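Asker: File name protein_1.cif; file contents mmCIF, C-alpha atoms; full text below.
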```
data_input
#
loop_
_atom_site.group_PDB
_atom_site.id
_atom_site.type_symbol
_atom_site.label_atom_id
_atom_site.label_comp_id
_atom_site.auth_asym_id
_atom_site.auth_seq_id
_atom_site.Cartn_x
_atom_site.Cartn_y
_atom_site.Cartn_z
ATOM 1 C CA MET A 1 2.271 32.539 9.386
ATOM 2 C CA THR A 2 3.551 35.524 7.461
ATOM 3 C CA ASP A 3 3.952 35.931 3.713
ATOM 4 C CA ASP A 4 7.664 35.184 4.062
ATOM 5 C CA PRO A 5 8.747 33.868 0.626
ATOM 6 C CA ARG A 6 10.874 31.223 2.311
ATOM 7 C CA TYR A 7 7.708 29.391 3.369
ATOM 8 C CA LEU A 8 6.852 26.687 0.828
ATOM 9 C CA LYS A 9 3.104 26.587 1.414
ATOM 10 C CA GLY A 10 0.998 23.639 0.394
ATOM 11 C CA ALA A 11 -2.214 25.476 -0.525
ATOM 12 C CA PRO A 12 -1.150 26.774 -3.986
ATOM 13 C CA VAL A 13 0.234 23.372 -4.992
ATOM 14 C CA ALA A 14 -2.902 21.624 -3.704
ATOM 15 C CA ALA A 15 -5.168 24.055 -5.571
ATOM 16 C CA ARG A 16 -3.384 23.382 -8.861
ATOM 17 C CA ILE A 17 -3.695 19.614 -8.441
ATOM 18 C CA LEU A 18 -7.358 19.833 -7.387
ATOM 19 C CA ALA A 19 -8.196 21.917 -10.456
ATOM 20 C CA GLU A 20 -6.690 19.216 -12.678
ATOM 21 C CA VAL A 21 -8.585 16.512 -10.767
ATOM 22 C CA ARG A 22 -11.893 18.344 -11.096
ATOM 23 C CA GLU A 23 -11.475 18.664 -14.849
ATOM 24 C CA GLN A 24 -10.744 14.943 -15.151
ATOM 25 C CA ALA A 25 -13.584 13.952 -12.797
ATOM 26 C CA LEU A 26 -16.191 15.994 -14.669
ATOM 27 C CA ALA A 27 -15.067 14.559 -18.002
ATOM 28 C CA ALA A 28 -15.196 11.008 -16.610
ATOM 29 C CA ALA A 29 -18.698 11.579 -15.177
ATOM 30 C CA GLU A 30 -19.925 12.768 -18.564
ATOM 31 C CA ASP A 31 -18.687 9.460 -19.993
ATOM 32 C CA GLY A 32 -20.622 7.528 -17.330
ATOM 33 C CA TRP A 33 -17.639 6.905 -15.050
ATOM 34 C CA LYS A 34 -18.447 8.912 -11.923
ATOM 35 C CA PRO A 35 -15.539 8.596 -9.443
ATOM 36 C CA LYS A 36 -16.377 7.605 -5.873
ATOM 37 C CA LEU A 37 -14.292 7.301 -2.724
ATOM 38 C CA VAL A 38 -15.275 5.174 0.261
ATOM 39 C CA SER A 39 -13.795 6.023 3.664
ATOM 40 C CA ILE A 40 -13.598 3.221 6.242
ATOM 41 C CA THR A 41 -13.446 4.033 9.950
ATOM 42 C CA VAL A 42 -13.502 1.562 12.820
ATOM 43 C CA GLY A 43 -14.638 2.482 16.320
ATOM 44 C CA ASP A 44 -14.147 6.017 17.629
ATOM 45 C CA VAL A 45 -14.524 8.322 14.635
ATOM 46 C CA GLU A 46 -13.862 11.471 16.675
ATOM 47 C CA ALA A 47 -10.111 10.859 16.490
ATOM 48 C CA VAL A 48 -10.124 11.083 12.694
ATOM 49 C CA ASP A 49 -13.229 13.194 12.157
ATOM 50 C CA VAL A 50 -11.320 16.313 11.131
ATOM 51 C CA TYR A 51 -9.389 14.348 8.486
ATOM 52 C CA VAL A 52 -12.502 12.672 7.108
ATOM 53 C CA ARG A 53 -14.404 15.955 6.908
ATOM 54 C CA ASN A 54 -11.499 17.542 5.058
ATOM 55 C CA GLN A 55 -11.323 14.635 2.617
ATOM 56 C CA ARG A 56 -15.074 14.831 2.023
ATOM 57 C CA ARG A 57 -14.984 18.596 1.428
ATOM 58 C CA LYS A 58 -12.062 18.417 -1.013
ATOM 59 C CA ALA A 59 -13.509 15.394 -2.813
ATOM 60 C CA GLN A 60 -16.856 17.047 -3.351
ATOM 61 C CA ALA A 61 -15.162 20.235 -4.569
ATOM 62 C CA ALA A 62 -13.255 18.109 -7.076
ATOM 63 C CA GLY A 63 -16.379 16.371 -8.363
ATOM 64 C CA ILE A 64 -15.750 13.064 -6.605
ATOM 65 C CA ASP A 65 -18.493 11.327 -4.590
ATOM 66 C CA PHE A 66 -17.515 10.518 -0.991
ATOM 67 C CA GLU A 67 -19.093 7.896 1.248
ATOM 68 C CA GLU A 68 -18.273 7.142 4.888
ATOM 69 C CA ARG A 69 -18.631 3.614 6.244
ATOM 70 C CA ASN A 70 -18.135 3.274 9.988
ATOM 71 C CA PHE A 71 -17.700 -0.123 11.629
ATOM 72 C CA PRO A 72 -18.025 -0.762 15.379
ATOM 73 C CA ALA A 73 -14.849 -1.232 17.408
ATOM 74 C CA THR A 74 -15.964 -4.828 17.995
ATOM 75 C CA VAL A 75 -15.782 -5.742 14.294
ATOM 76 C CA SER A 76 -13.469 -8.668 13.620
ATOM 77 C CA SER A 77 -10.674 -8.472 11.090
ATOM 78 C CA ALA A 78 -12.406 -11.221 9.067
ATOM 79 C CA GLU A 79 -15.643 -9.211 8.930
ATOM 80 C CA LEU A 80 -13.837 -6.035 7.931
ATOM 81 C CA GLU A 81 -11.830 -7.846 5.278
ATOM 82 C CA ALA A 82 -15.023 -9.362 3.863
ATOM 83 C CA SER A 83 -16.533 -5.875 3.591
ATOM 84 C CA ILE A 84 -13.425 -4.636 1.793
ATOM 85 C CA HIS A 85 -13.663 -7.495 -0.716
ATOM 86 C CA GLY A 86 -17.264 -6.455 -1.337
ATOM 87 C CA MET A 87 -16.091 -2.920 -2.122
ATOM 88 C CA ASN A 88 -13.371 -4.331 -4.370
ATOM 89 C CA ALA A 89 -16.072 -6.073 -6.401
ATOM 90 C CA ASP A 90 -18.422 -3.058 -6.515
ATOM 91 C CA PRO A 91 -17.913 -1.222 -9.829
ATOM 92 C CA ARG A 92 -19.402 1.943 -8.304
ATOM 93 C CA VAL A 93 -16.469 2.232 -5.861
ATOM 94 C CA THR A 94 -13.354 3.788 -7.379
ATOM 95 C CA GLY A 95 -11.142 3.983 -4.318
ATOM 96 C CA ILE A 96 -11.003 2.859 -0.687
ATOM 97 C CA ILE A 97 -9.437 4.818 2.176
ATOM 98 C CA MET A 98 -8.616 3.023 5.421
ATOM 99 C CA GLN A 99 -8.595 5.650 8.181
ATOM 100 C CA ARG A 100 -6.119 5.147 10.994
ATOM 101 C CA PRO A 101 -5.718 4.449 13.839
ATOM 102 C CA LEU A 102 -7.411 1.073 13.864
ATOM 103 C CA PRO A 103 -8.165 -0.942 17.020
ATOM 104 C CA ALA A 104 -5.288 -3.145 18.170
ATOM 105 C CA THR A 105 -7.349 -6.195 17.180
ATOM 106 C CA ILE A 106 -7.280 -5.191 13.504
ATOM 107 C CA PRO A 107 -3.954 -5.808 11.690
ATOM 108 C CA VAL A 108 -3.349 -2.723 9.560
ATOM 109 C CA ARG A 109 -1.134 -4.396 6.977
ATOM 110 C CA SER A 110 -3.633 -7.172 6.397
ATOM 111 C CA MET A 111 -6.346 -4.610 5.707
ATOM 112 C CA GLN A 112 -4.047 -2.716 3.331
ATOM 113 C CA ARG A 113 -3.361 -5.953 1.459
ATOM 114 C CA ALA A 114 -7.093 -6.672 1.294
ATOM 115 C CA ILE A 115 -7.751 -3.502 -0.735
ATOM 116 C CA HIS A 116 -7.361 -4.355 -4.416
ATOM 117 C CA PRO A 117 -4.360 -2.576 -5.991
ATOM 118 C CA LEU A 118 -6.701 -1.045 -8.590
ATOM 119 C CA LYS A 119 -8.614 0.671 -5.749
ATOM 120 C CA ASP A 120 -5.640 1.447 -3.532
ATOM 121 C CA VAL A 121 -5.818 5.242 -3.783
ATOM 122 C CA GLU A 122 -3.620 5.657 -0.689
ATOM 123 C CA GLY A 123 -0.808 3.829 -2.469
ATOM 124 C CA MET A 124 -0.171 1.559 0.512
ATOM 125 C CA HIS A 125 -0.771 -1.903 -0.950
ATOM 126 C CA PRO A 126 2.526 -3.815 -1.208
ATOM 127 C CA ALA A 127 2.036 -3.957 -4.977
ATOM 128 C CA SER A 128 1.622 -0.172 -5.189
ATOM 129 C CA ILE A 129 4.782 0.467 -3.185
ATOM 130 C CA GLY A 130 6.659 -2.223 -5.114
ATOM 131 C CA ASN A 131 5.724 -0.670 -8.451
ATOM 132 C CA ILE A 132 7.673 2.459 -7.498
ATOM 133 C CA VAL A 133 10.868 0.433 -7.728
ATOM 134 C CA TYR A 134 10.034 -0.118 -11.406
ATOM 135 C CA ASN A 135 9.361 3.604 -11.994
ATOM 136 C CA GLU A 136 5.570 3.193 -12.052
ATOM 137 C CA LEU A 137 5.069 6.336 -10.008
ATOM 138 C CA ASP A 138 1.479 7.434 -10.603
ATOM 139 C CA LEU A 139 -0.053 5.643 -7.595
ATOM 140 C CA ALA A 140 2.518 6.359 -4.886
ATOM 141 C CA PRO A 141 1.766 6.754 -1.148
ATOM 142 C CA CYS A 142 0.069 10.132 -0.737
ATOM 143 C CA THR A 143 2.357 11.789 1.810
ATOM 144 C CA ALA A 144 5.503 10.740 -0.047
ATOM 145 C CA ALA A 145 4.141 11.982 -3.385
ATOM 146 C CA ALA A 146 2.970 15.247 -1.784
ATOM 147 C CA SER A 147 6.426 15.869 -0.342
ATOM 148 C CA VAL A 148 8.051 15.406 -3.747
ATOM 149 C CA GLU A 149 5.458 17.700 -5.356
ATOM 150 C CA LEU A 150 6.477 20.447 -2.932
ATOM 151 C CA LEU A 151 10.135 20.028 -3.842
ATOM 152 C CA LYS A 152 9.214 20.300 -7.525
ATOM 153 C CA ALA A 153 7.355 23.536 -6.734
ATOM 154 C CA THR A 154 10.705 25.168 -5.877
ATOM 155 C CA GLY A 155 11.741 24.907 -9.513
ATOM 156 C CA LEU A 156 14.977 23.139 -8.612
ATOM 157 C CA ASP A 157 16.336 20.741 -11.221
ATOM 158 C CA LEU A 158 16.047 17.322 -9.595
ATOM 159 C CA LYS A 159 18.626 15.697 -11.865
ATOM 160 C CA GLY A 160 21.775 15.217 -9.817
ATOM 161 C CA LEU A 161 20.288 17.065 -6.823
ATOM 162 C CA GLU A 162 21.820 15.983 -3.523
ATOM 163 C CA VAL A 163 18.871 14.809 -1.401
ATOM 164 C CA VAL A 164 18.864 13.511 2.161
ATOM 165 C CA VAL A 165 15.791 11.768 3.596
ATOM 166 C CA VAL A 166 15.679 11.520 7.385
ATOM 167 C CA GLY A 167 13.327 8.643 8.201
ATOM 168 C CA HIS A 168 12.894 5.329 6.400
ATOM 169 C CA SER A 169 9.280 4.293 6.970
ATOM 170 C CA GLU A 170 7.594 2.097 4.376
ATOM 171 C CA ILE A 171 4.982 4.706 3.465
ATOM 172 C CA VAL A 172 6.993 7.950 3.619
ATOM 173 C CA GLY A 173 10.784 7.792 3.769
ATOM 174 C CA LYS A 174 11.450 4.837 1.489
ATOM 175 C CA PRO A 175 8.909 5.844 -1.200
ATOM 176 C CA ILE A 176 10.308 9.407 -1.225
ATOM 177 C CA ALA A 177 13.750 7.969 -1.897
ATOM 178 C CA PHE A 178 12.525 5.863 -4.825
ATOM 179 C CA LEU A 179 10.421 8.700 -6.270
ATOM 180 C CA LEU A 180 13.443 11.002 -6.245
ATOM 181 C CA LEU A 181 15.791 8.351 -7.635
ATOM 182 C CA SER A 182 13.436 8.067 -10.591
ATOM 183 C CA GLU A 183 13.852 11.836 -11.124
ATOM 184 C CA GLY A 184 17.638 11.455 -11.274
ATOM 185 C CA ALA A 185 18.416 12.785 -7.798
ATOM 186 C CA THR A 186 21.227 11.400 -5.648
ATOM 187 C CA VAL A 187 19.549 10.163 -2.478
ATOM 188 C CA THR A 188 20.841 9.339 0.994
ATOM 189 C CA VAL A 189 18.429 7.810 3.523
ATOM 190 C CA CYS A 190 19.174 8.318 7.214
ATOM 191 C CA HIS A 191 17.581 6.553 10.195
ATOM 192 C CA HIS A 192 18.061 5.915 13.892
ATOM 193 C CA MET A 193 21.257 3.903 13.280
ATOM 194 C CA THR A 194 22.863 6.563 11.076
ATOM 195 C CA ARG A 195 26.144 7.915 12.394
ATOM 196 C CA SER A 196 26.473 11.706 12.418
ATOM 197 C CA LEU A 197 23.072 12.706 11.104
ATOM 198 C CA ALA A 198 24.162 16.347 11.060
ATOM 199 C CA ALA A 199 27.044 15.616 8.663
ATOM 200 C CA HIS A 200 24.673 13.942 6.199
ATOM 201 C CA ALA A 201 21.984 16.618 6.542
ATOM 202 C CA ARG A 202 24.434 19.456 5.889
ATOM 203 C CA ARG A 203 25.254 18.003 2.457
ATOM 204 C CA ALA A 204 21.677 18.146 1.243
ATOM 205 C CA ASP A 205 20.404 20.499 -1.437
ATOM 206 C CA ALA A 206 16.986 19.156 -0.420
ATOM 207 C CA LEU A 207 16.263 17.746 3.038
ATOM 208 C CA PHE A 208 13.159 15.657 3.814
ATOM 209 C CA VAL A 209 12.394 14.941 7.476
ATOM 210 C CA ALA A 210 9.787 12.426 8.703
ATOM 211 C CA VAL A 211 10.695 10.879 12.049
ATOM 212 C CA GLY A 212 8.180 12.229 14.584
ATOM 213 C CA LYS A 213 10.747 14.041 16.750
ATOM 214 C CA PRO A 214 9.907 17.715 17.322
ATOM 215 C CA ARG A 215 12.601 20.205 16.289
ATOM 216 C CA LEU A 216 15.122 17.457 15.514
ATOM 217 C CA ILE A 217 16.672 19.437 12.661
ATOM 218 C CA ARG A 218 18.368 22.686 13.705
ATOM 219 C CA ALA A 219 19.882 25.492 11.671
ATOM 220 C CA ASP A 220 23.425 24.170 12.070
ATOM 221 C CA MET A 221 22.336 20.923 10.352
ATOM 222 C CA VAL A 222 21.093 22.600 7.166
ATOM 223 C CA LYS A 223 23.082 23.647 4.098
ATOM 224 C CA PRO A 224 22.628 27.348 3.251
ATOM 225 C CA GLY A 225 20.107 27.718 0.436
ATOM 226 C CA ALA A 226 18.643 24.236 0.853
ATOM 227 C CA ALA A 227 15.006 23.238 0.447
ATOM 228 C CA VAL A 228 13.624 21.691 3.638
ATOM 229 C CA ILE A 229 10.471 19.555 3.491
ATOM 230 C CA ASP A 230 9.176 18.989 7.026
ATOM 231 C CA ILE A 231 6.749 16.048 7.131
ATOM 232 C CA GLY A 232 6.618 15.685 10.906
ATOM 233 C CA ILE A 233 3.475 16.385 12.929
ATOM 234 C CA ASN A 234 4.023 16.621 16.670
ATOM 235 C CA THR A 235 2.027 18.120 19.530
ATOM 236 C CA GLU A 236 4.051 20.386 21.789
ATOM 237 C CA ARG A 237 2.897 21.854 25.094
ATOM 238 C CA ALA A 238 3.875 25.471 25.738
ATOM 239 C CA PRO A 239 4.852 26.762 29.216
ATOM 240 C CA ASP A 240 1.383 28.289 29.583
ATOM 241 C CA GLY A 241 -0.214 24.866 29.088
ATOM 242 C CA THR A 242 -1.490 25.434 25.558
ATOM 243 C CA GLN A 243 -0.743 22.926 22.830
ATOM 244 C CA ARG A 244 0.436 23.553 19.323
ATOM 245 C CA VAL A 245 1.449 21.472 16.329
ATOM 246 C CA VAL A 246 5.105 21.557 15.326
ATOM 247 C CA GLY A 247 7.180 19.641 12.818
ATOM 248 C CA ASP A 248 10.453 17.731 12.967
ATOM 249 C CA VAL A 249 12.353 20.905 12.034
ATOM 250 C CA ASP A 250 13.090 23.927 14.218
ATOM 251 C CA THR A 251 11.406 26.200 11.690
ATOM 252 C CA GLU A 252 12.272 29.582 13.205
ATOM 253 C CA SER A 253 16.023 28.956 13.128
ATOM 254 C CA VAL A 254 16.174 26.874 9.959
ATOM 255 C CA LYS A 255 14.279 29.395 7.836
ATOM 256 C CA GLU A 256 17.175 31.814 8.354
ATOM 257 C CA VAL A 257 19.438 29.351 6.552
ATOM 258 C CA ALA A 258 17.197 27.573 4.040
ATOM 259 C CA SER A 259 15.843 29.068 0.816
ATOM 260 C CA TRP A 260 12.589 27.121 1.184
ATOM 261 C CA ILE A 261 10.909 25.459 4.151
ATOM 262 C CA THR A 262 7.464 23.901 4.468
ATOM 263 C CA PRO A 263 5.443 25.244 7.420
ATOM 264 C CA VAL A 264 3.764 22.910 9.907
ATOM 265 C CA PRO A 265 0.829 22.968 9.646
ATOM 266 C CA GLY A 266 0.095 24.218 6.129
ATOM 267 C CA GLY A 267 2.851 22.528 4.169
ATOM 268 C CA VAL A 268 2.702 18.859 3.227
ATOM 269 C CA GLY A 269 -0.794 18.239 4.693
ATOM 270 C CA PRO A 270 -2.931 20.121 2.149
ATOM 271 C CA VAL A 271 -1.030 18.575 -0.744
ATOM 272 C CA THR A 272 -1.484 15.059 0.669
ATOM 273 C CA VAL A 273 -5.280 15.282 0.316
ATOM 274 C CA SER A 274 -4.991 16.554 -3.260
ATOM 275 C CA ILE A 275 -2.683 13.632 -4.106
ATOM 276 C CA LEU A 276 -5.290 11.244 -2.663
ATOM 277 C CA LEU A 277 -7.827 12.664 -5.119
ATOM 278 C CA ARG A 278 -5.356 12.604 -7.991
ATOM 279 C CA ASN A 279 -4.690 8.947 -7.187
ATOM 280 C CA THR A 280 -8.450 8.380 -7.366
ATOM 281 C CA MET A 281 -8.458 9.534 -10.975
ATOM 282 C CA VAL A 282 -5.444 7.335 -11.735
ATOM 283 C CA ALA A 283 -7.339 4.393 -10.219
ATOM 284 C CA LEU A 284 -10.438 5.232 -12.266
ATOM 285 C CA LYS A 285 -8.420 5.299 -15.490
ATOM 286 C CA ARG A 286 -6.863 1.928 -14.698
ATOM 287 C CA GLN A 287 -10.259 0.398 -13.918
ATOM 288 C CA ARG A 288 -11.764 1.892 -17.052
ATOM 289 C CA ASP A 289 -8.877 0.652 -19.214
ATOM 290 C CA LEU A 290 -9.272 -2.856 -17.774
ATOM 291 C CA TYR A 291 -13.033 -2.830 -18.352
ATOM 292 C CA GLU A 292 -12.684 -1.647 -21.931
ATOM 293 C CA ALA A 293 -9.910 -4.152 -22.661
ATOM 294 C CA SER A 294 -12.128 -6.931 -21.310
ATOM 295 C CA TYR A 295 -15.521 -5.913 -22.647
ATOM 296 C CA GLY A 296 -14.854 -3.278 -25.307
ATOM 297 C CA ALA A 297 -15.275 0.474 -25.117
ATOM 298 C CA ARG A 298 -18.642 1.796 -23.967
#
```
Could you render the structure from this file as structure tokens?

Answerer:
Amino acid sequence: MTDDPRYLKGAPVAARILAEVREQALAAAEDGWKPKLVSITVGDVEAVDVYVRNQRRKAQAAGIDFEERNFPATVSSAELEASIHGMNADPRVTGIIMQRPLPATIPVRSMQRAIHPLKDVEGMHPASIGNIVYNELDLAPCTAAASVELLKATGLDLKGLEVVVVGHSEIVGKPIAFLLLSEGATVTVCHHMTRSLAAHARRADALFVAVGKPRLIRADMVKPGAAVIDIGINTERAPDGTQRVVGDVDTESVKEVASWITPVPGGVGPVTVSILLRNTMVALKRQRDLYEASYGAR
């Protein structure tokens, strides 16, 4: 990746957020409230090992303890849920991360519901997602919040901005729409039943894409000067047999039209981890406020 100014890179945004998190974490630790994340993996950890190692490294750099708990692939959903309830009750645990994929025998949504909303640092509990509707935005799903942070990094005024979101998943597309509505943007959400996706996309001052279809968005679908936030992660095989990661946007053509475009990799991903850690500090504050309201300040 070159130093092309059109690339909206995640690293500078992530570094700013992590610096803020570290300051908060160190202050909390001095007050006796050391933040701690627990990562849950089930079965084959190799598939998610790179993500877990990255989370651990960033957490430790930010002054947050990180613990990995691996369960065998044979664990039942009842056993896993019981373990989660134990973590919910443990005052030393600030936040819980459920690494995916999970075995087919483990219902993902049930496990997300089992994590107490006060410890839901991924922002995936139904209560966390529902709170966004009421403009309680500080514990939003990490990828959605990271995508909006990148748009804010452009300096564009979000009030009245014409935004199109391609993809309407519960943890990315829909939360992005609500986060941007709260900022005063005008939001259109497109999905697989949308007629004339290109016509909608061309209207956008800011275009978010999260559908898992490589190179879906081409240059002729983008408004000149738009900001394009590519959230897709796809593996593409080159003619020589090598594999590479590409997004949902045809970056090479679109960057000739857009004013900003997030690279894949190197765009939304780094910011997502920093949002996870920022959410951890939000969770810690909520837990601390509840404790002090119940038992008085330490």

Asker: Since I can't run it myself right now, could you work out what the PyMOL selection byres ((chain A and resi 126) around 12) selects here and report it as a ChimeraX atom specification?

Answerer: /A:109-117,120,122-125,127-133,139-141,170-171,175

Asker: Got a sec to resolve the PyMOL selection byres ((chain A and resi 3-12) around 10) on this structure and send the residues as a PDB file with C-alpha atoms, in the coordinates of the input?

Answerer:
```
ATOM      1  CA  MET A   1       2.271  32.539   9.386  1.00  0.00           C
ATOM      2  CA  THR A   2       3.551  35.524   7.461  1.00  0.00           C
ATOM      3  CA  VAL A  13       0.234  23.372  -4.992  1.00  0.00           C
ATOM      4  CA  ALA A  14      -2.902  21.624  -3.704  1.00  0.00           C
ATOM      5  CA  ALA A  15      -5.168  24.055  -5.571  1.00  0.00           C
ATOM      6  CA  ARG A  16      -3.384  23.382  -8.861  1.00  0.00           C
ATOM      7  CA  ILE A  17      -3.695  19.614  -8.441  1.00  0.00           C
ATOM      8  CA  LEU A  18      -7.358  19.833  -7.387  1.00  0.00           C
ATOM      9  CA  ALA A 146       2.970  15.247  -1.784  1.00  0.00           C
ATOM     10  CA  SER A 147       6.426  15.869  -0.342  1.00  0.00           C
ATOM     11  CA  GLU A 149       5.458  17.700  -5.356  1.00  0.00           C
ATOM     12  CA  LEU A 150       6.477  20.447  -2.932  1.00  0.00           C
ATOM     13  CA  LEU A 151      10.135  20.028  -3.842  1.00  0.00           C
ATOM     14  CA  ALA A 153       7.355  23.536  -6.734  1.00  0.00           C
ATOM     15  CA  THR A 154      10.705  25.168  -5.877  1.00  0.00           C
ATOM     16  CA  ALA A 227      15.006  23.238   0.447  1.00  0.00           C
ATOM     17  CA  VAL A 228      13.624  21.691   3.638  1.00  0.00           C
ATOM     18  CA  ILE A 229      10.471  19.555   3.491  1.00  0.00           C
ATOM     19  CA  THR A 251      11.406  26.200  11.690  1.00  0.00           C
ATOM     20  CA  LYS A 255      14.279  29.395   7.836  1.00  0.00           C
ATOM     21  CA  GLU A 256      17.175  31.814   8.354  1.00  0.00           C
ATOM     22  CA  VAL A 257      19.438  29.351   6.552  1.00  0.00           C
ATOM     23  CA  ALA A 258      17.197  27.573   4.040  1.00  0.00           C
ATOM     24  CA  SER A 259      15.843  29.068   0.816  1.00  0.00           C
ATOM     25  CA  TRP A 260      12.589  27.121   1.184  1.00  0.00           C
ATOM     26  CA  ILE A 261      10.909  25.459   4.151  1.00  0.00           C
ATOM     27  CA  THR A 262       7.464  23.901   4.468  1.00  0.00           C
ATOM     28  CA  PRO A 263       5.443  25.244   7.420  1.00  0.00           C
ATOM     29  CA  VAL A 264       3.764  22.910   9.907  1.00  0.00           C
ATOM     30  CA  PRO A 265       0.829  22.968   9.646  1.00  0.00           C
ATOM     31  CA  GLY A 266       0.095  24.218   6.129  1.00  0.00           C
ATOM     32  CA  GLY A 267       2.851  22.528   4.169  1.00  0.00           C
ATOM     33  CA  VAL A 268       2.702  18.859   3.227  1.00  0.00           C
ATOM     34  CA  GLY A 269      -0.794  18.239   4.693  1.00  0.00           C
ATOM     35  CA  PRO A 270      -2.931  20.121   2.149  1.00  0.00           C
ATOM     36  CA  VAL A 271      -1.030  18.575  -0.744  1.00  0.00           C
ATOM     37  CA  THR A 272      -1.484  15.059   0.669  1.00  0.00           C
ATOM     38  CA  SER A 274      -4.991  16.554  -3.260  1.00  0.00           C
TER      39      SER A 274
END
```

Asker: I'd like the interatomic distance between atom CA of A:Lys36 and atom CA of A:Glu136, to a tenth of an Å.

Answerer: 23.2 Å

Asker: Find the spatial neighbours of A:Pro91, counting all atoms listed in the file, within a cut-off of 12 Å - ignore same-chain residues fewer than 6 positions away - and output them as a PDB file with C-alpha atoms, keeping the file's coordinate frame.

Answerer:
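Saved as result_19.pdb:
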```pdb
ATOM      1  CA  GLY A  32     -20.622   7.528 -17.330  1.00  0.00           C
ATOM      2  CA  TRP A  33     -17.639   6.905 -15.050  1.00  0.00           C
ATOM      3  CA  LYS A  34     -18.447   8.912 -11.923  1.00  0.00           C
ATOM      4  CA  PRO A  35     -15.539   8.596  -9.443  1.00  0.00           C
ATOM      5  CA  LYS A  36     -16.377   7.605  -5.873  1.00  0.00           C
ATOM      6  CA  LEU A  37     -14.292   7.301  -2.724  1.00  0.00           C
ATOM      7  CA  HIS A  85     -13.663  -7.495  -0.716  1.00  0.00           C
ATOM      8  CA  LEU A 118      -6.701  -1.045  -8.590  1.00  0.00           C
ATOM      9  CA  LYS A 119      -8.614   0.671  -5.749  1.00  0.00           C
ATOM     10  CA  ALA A 283      -7.339   4.393 -10.219  1.00  0.00           C
ATOM     11  CA  LEU A 284     -10.438   5.232 -12.266  1.00  0.00           C
ATOM     12  CA  GLN A 287     -10.259   0.398 -13.918  1.00  0.00           C
ATOM     13  CA  ARG A 288     -11.764   1.892 -17.052  1.00  0.00           C
ATOM     14  CA  LEU A 290      -9.272  -2.856 -17.774  1.00  0.00           C
ATOM     15  CA  TYR A 291     -13.033  -2.830 -18.352  1.00  0.00           C
TER      16      TYR A 291
END
```

Asker: Using Å and a single decimal, report how far atom CA of A:Arg203 sits from atom CA of A:Val222.

Answerer: 7.8 Å

Asker: Nearest to A:Gly173 among A:Val93, A:Cys142, A:Val211, A:Met193, with distances taken over only C-alpha atoms: which residue is it?

Answerer: A:Val211

Asker: Go ahead and compute the interatomic distance for atom CA of A:Ala62 and atom CA of A:Ser83, in Å to one decimal.

Answerer: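 Here the two named atoms are 26.5 Å from each other.
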
Asker: List the spatial neighbours of A:Leu161 as number ranges by chain - criterion: any atom at most 10 Å away, only C-alpha atoms, same-chain residues fewer than 4 positions off excluded.

Answerer: A: 156-157, 180-181, 183-187, 204-206

Asker: Dump C-alpha atoms for the selected residues as a PDB file, in the coordinates of the input?

Answerer:
```pdb
ATOM      1  CA  LEU A 156      14.977  23.139  -8.612  1.00  0.00           C
ATOM      2  CA  ASP A 157      16.336  20.741 -11.221  1.00  0.00           C
ATOM      3  CA  LEU A 180      13.443  11.002  -6.245  1.00  0.00           C
ATOM      4  CA  LEU A 181      15.791   8.351  -7.635  1.00  0.00           C
ATOM      5  CA  GLU A 183      13.852  11.836 -11.124  1.00  0.00           C
ATOM      6  CA  GLY A 184      17.638  11.455 -11.274  1.00  0.00           C
ATOM      7  CA  ALA A 185      18.416  12.785  -7.798  1.00  0.00           C
ATOM      8  CA  THR A 186      21.227  11.400  -5.648  1.00  0.00           C
ATOM      9  CA  VAL A 187      19.549  10.163  -2.478  1.00  0.00           C
ATOM     10  CA  ALA A 204      21.677  18.146   1.243  1.00  0.00           C
ATOM     11  CA  ASP A 205      20.404  20.499  -1.437  1.00  0.00           C
ATOM     12  CA  ALA A 206      16.986  19.156  -0.420  1.00  0.00           C
TER      13      ALA A 206
END
```

Asker: Taking the file as shown, find all residues satisfying the PyMOL selection byres ((chain A and resi 236) around 12) and write them as an NGL selection string.

Answerer: :A and (212-215 or 233-235 or 237-248)

Asker: Quick one: axis-aligned box around all listed atoms of stretch 276-279 of chain A, 4 Å on every side, centre and edge lengths in Å to one decimal, written as lines of an AutoDock Vina configuration file.

Answerer:
```
center_x = -6.3
center_y = 10.8
center_z = -5.3
size_x = 11.1
size_y = 11.7
size_z = 13.3
```

Asker: Go through A:Ile275, A:Ile84, A:Val108, A:Val209 one by one, measure the shortest atom-to-atom distance of each to A:Ile96 using all atoms listed in the file, and give the residue with the smallest value.

Answerer: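 Going through A:Ile275, A:Ile84, A:Val108, A:Val209 one by one, the smallest distance to A:Ile96 is for A:Ile84.
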
Asker: Identify which of the residues A:Pro103, A:Ser77, A:Ala89, A:Ala19 lies closest to A:Asp44, counting only C-alpha atoms when measuring atom-to-atom distances.

Answerer: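 The shortest atom-to-atom distance to A:Asp44 comes from A:Pro103.
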
Asker: Could you list, as a list of chain:residue names, every residue within 8 Å of A:Met281, counting only C-alpha atoms and ignoring same-chain residues fewer than 2 positions away?

Answerer: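 Contacts, with the query itself left out: A:Val21, A:Gln24, A:Ala25, A:Pro35, A:Leu277, A:Arg278, A:Asn279, A:Ala283, A:Leu284, A:Lys285.
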
Asker: Nearest to A:Gly167 among A:Met221, A:Ala198, A:Val121, A:Ile231, with distances taken over only C-alpha atoms: which residue is it?

Answerer: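 Between A:Met221, A:Ala198, A:Val121, A:Ile231, the residue approaching A:Gly167 most closely is A:Ile231.
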
Asker: Between A:Ile64, A:Gly43, A:Asp49, A:Glu292, which residue has the minimum interatomic distance to A:Ala27, considering only C-alpha atoms?

Answerer: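 Among the listed residues, the smallest separation from A:Ala27 belongs to A:Ile64.
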
Asker: Leaving out A:Gln99 and any residue of its chain fewer than 4 positions from it, which residues lie within 7 Å of it when counting only C-alpha atoms, given as a VMD selection string?

Answerer: chain A and resid 39 to 41
